[in-house]
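Novice: Structure incoming, see below.
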Amino acid sequence: MRKLFKIFIFLFVLSAPLAFALSALVPCGGEGQDPCTLCHLYALLQGIANFLMWSIAPALALLVVAWGGFNILIAGSDPGKKQAGFKAMKAALIGILIVFGAWIIINEFLLFLTNKSSFVEGVKTAEIFQNPWTKIECSTNTKK
C-alpha cells in the first residue's frame, strides 16, 4: 500500500507541471479576461476531468501494464510474482475499460434523451443546450 502511494505521488508530481503547461486552469479573472462565474467553475472541473481521462488514465494504465509485464518477465520460477504481474495487467485493463465505458454510457444516455448530436474531434457527442456535453463554453454579457 505504501509503495502504491509513493507511485501515485510520483505520477502526480510528474503530471502537475504538464497540466499547467497544456492550458491555463482558470480562464477568467485575470487582467483583460472576463470575470469569473459559476460557469467557469464548471469549465475548470470539465478541464480537470478531461485531463485525467484522456491524458493520465491511459498513461497510468500503460505504466501498470509495463510494470506487470516486467514482473512476469523477471518472475522466473516464482509463481507469486508471475501472478502479481498478471493481476496488475488485468487491473489496468479493467480500470481503463471502466473509465472509457462510463464515458460511452453517459454519452449514449444523453444522445437517447436529447436526440441531438454533433461531432467533436471526430466523435459523435450529445448536445445539451446547443453545446456538446464535453465542451463547456462560458460567455459573460457584461456592459461597460
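Just remember, in the C-alpha cells the first chain shown is A, the second B, etc., residues are 1-based per chain, and ligands are 1-based in the order shown.
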With a distance cut-off of 6 Å and only C-alpha atoms, select the neighbouring residues of A:Gly85, excluding the residue or stretch itself and same-chain residues fewer than 5 positions from it, and output the selection as a PyMOL selection string.
Specialist: chain A and resi 68+71-72
Novice: Among stretch 36-142 of chain A, which residues does DSSP mark as strand (DSSP E or B) when it is run on the backbone? Keep the chain and numbering as in the structure and answer as a list in words.
Specialist: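 Everything in stretch 36-142 of chain A that counts as strand (DSSP E or B) is Ser117, Ser118, Phe119, Val120, Val123, Lys124, Thr125, Ala126, Glu127, Ile128, Asn131 and Pro132 of chain A.
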Novice: Atoms to include: N, CA and C atoms. Write the selected residues as a PDB file, in the first residue's frame.
Specialist:
```pdb
ATOM      1  N   SER A 117     -27.095  15.694 -31.677  1.00  0.00           N
ATOM      2  CA  SER A 117     -25.683  15.323 -31.617  1.00  0.00           C
ATOM      3  C   SER A 117     -24.865  16.242 -32.500  1.00  0.00           C
ATOM      4  N   SER A 118     -23.595  16.271 -32.218  1.00  0.00           N
ATOM      5  CA  SER A 118     -22.625  16.980 -33.047  1.00  0.00           C
ATOM      6  C   SER A 118     -21.341  16.162 -33.025  1.00  0.00           C
ATOM      7  N   PHE A 119     -20.438  16.507 -33.909  1.00  0.00           N
ATOM      8  CA  PHE A 119     -19.169  15.800 -33.948  1.00  0.00           C
ATOM      9  C   PHE A 119     -18.096  16.690 -33.323  1.00  0.00           C
ATOM     10  N   VAL A 120     -17.511  16.206 -32.236  1.00  0.00           N
ATOM     11  CA  VAL A 120     -16.436  16.912 -31.550  1.00  0.00           C
ATOM     12  C   VAL A 120     -15.189  16.074 -31.722  1.00  0.00           C
ATOM     13  N   VAL A 123     -15.848  12.542 -32.961  1.00  0.00           N
ATOM     14  CA  VAL A 123     -16.647  11.640 -32.140  1.00  0.00           C
ATOM     15  C   VAL A 123     -18.060  12.198 -32.033  1.00  0.00           C
ATOM     16  N   LYS A 124     -19.053  11.354 -32.279  1.00  0.00           N
ATOM     17  CA  LYS A 124     -20.439  11.784 -32.163  1.00  0.00           C
ATOM     18  C   LYS A 124     -20.759  11.999 -30.688  1.00  0.00           C
ATOM     19  N   THR A 125     -21.098  13.243 -30.331  1.00  0.00           N
ATOM     20  CA  THR A 125     -21.295  13.621 -28.944  1.00  0.00           C
ATOM     21  C   THR A 125     -22.660  14.257 -28.777  1.00  0.00           C
ATOM     22  N   ALA A 126     -23.303  13.955 -27.663  1.00  0.00           N
ATOM     23  CA  ALA A 126     -24.623  14.510 -27.378  1.00  0.00           C
ATOM     24  C   ALA A 126     -24.528  16.008 -27.119  1.00  0.00           C
ATOM     25  N   GLU A 127     -25.581  16.734 -27.503  1.00  0.00           N
ATOM     26  CA  GLU A 127     -25.647  18.172 -27.266  1.00  0.00           C
ATOM     27  C   GLU A 127     -26.672  18.469 -26.192  1.00  0.00           C
ATOM     28  N   ILE A 128     -26.318  19.378 -25.313  1.00  0.00           N
ATOM     29  CA  ILE A 128     -27.249  19.881 -24.312  1.00  0.00           C
ATOM     30  C   ILE A 128     -27.216  21.396 -24.430  1.00  0.00           C
ATOM     31  N   ASN A 131     -24.828  22.896 -27.076  1.00  0.00           N
ATOM     32  CA  ASN A 131     -23.393  22.700 -26.876  1.00  0.00           C
ATOM     33  C   ASN A 131     -23.135  21.235 -26.581  1.00  0.00           C
ATOM     34  N   PRO A 132     -22.030  20.683 -27.061  1.00  0.00           N
ATOM     35  CA  PRO A 132     -21.692  19.308 -26.687  1.00  0.00           C
ATOM     36  C   PRO A 132     -21.454  19.219 -25.176  1.00  0.00           C
TER      37      PRO A 132
END
```
Novice: How far is it from atom CA of A:Leu97 to atom CA of A:Leu4, in Å with one decimal?
Specialist: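 Separating atom CA of A:Leu97 from atom CA of A:Leu4 is a distance of 20.7 Å.
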Novice: I'd like the interatomic distance between atom CA of A:Gln83 and atom CA of A:Ala59, to a tenth of an Å.
Specialist: 22.5 Å
